[in-house]
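Single-structure report; data block below.
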Amino acid sequence: MQIIDLKIKHHNFYCPVTGVPIALENEGIFDDARSLMGYWHHELLDEPVINNKEFEKAWDTFLASCDDEDGTELDYDTFENFLIQYPQPNWVVFKCSTIDGDYGPVLGTMWYVLNLDVEINH
């Protein structure tokens with residue numbers, strides 16, 4: 001997967017394929033959005049919400065390897081490397097960092113994994 005890094009001043013995020021909201025500032029995250037395969041919060045990397053069984057199994061295996069004595073530490077670089085290496089070329093990670101002001105500090109980061117092959121029902 002590829003990671004698209006966004007710096008935004010709000011928490012509103014929509015699927016670019018379907019137009020369906022993924023997260024809205026005053027309503028939270030829509031876990032049931034068909035394109036949403038999973039998401040992570042910067043403070044809870046080890047507690048994601050994952051909507052795809054195969055993806056969840058791969059995450060659990062990865063997380064277990066981080067817990068091993070000889071394993072890798074779970075940090076942002078290791079986590080993003082897991083996402084990049086996951087073999088779904090039509091899934092995209094949107095790394096949404098909320099900033100304070102035009103160039104202000106990052107207040108928080110969410111990683112949303114979207115399946116961009118999802119079909120729109122009319």
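Following the order of the structure tokens, first chain is A, next is B, and so on, with residues numbered from 1 inside each chain and ligands from 1 in the order they appear.
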Review point. What residues in chain A get the DSSP label alpha helix (DSSP H)? Please answer as a list in words.
Key: Lys53, Glu54, Phe55, Glu56, Lys57, Ala58, Trp59, Asp60, Thr61, Phe62, Leu63, Ala64, Ser65, Cys66, Asp67, Tyr76, Asp77, Thr78, Phe79, Glu80, Asn81, Phe82, Leu83, Ile84 and Gln85 of chain A
Point to revise | Spatial neighbours of Tyr86 (chain A), max dist 9 Å, only C-alpha atoms, sep filter under 2 positions, as a list in words | key: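 After dropping sequence-adjacent residues, the list is Met1, Phe55, Ala58, Asn81, Phe82, Leu83, Ile84, Gln88 and Pro89 of chain A.
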Review point. Residues at most 7 Å from Ala33 (chain A), counting only C-alpha atoms, excluding those fewer than 3 positions away in the same chain, as a list in words?
Key: Ile22, Phe30 and Leu36 of chain A
Point to revise | Shell of 12 Å around Cys66 (chain A), only C-alpha atoms, local chain residues under 6 positions omitted, as a PyMOL selection string | key: chain A and resi 45-46+59-60+72-75+78-79+82
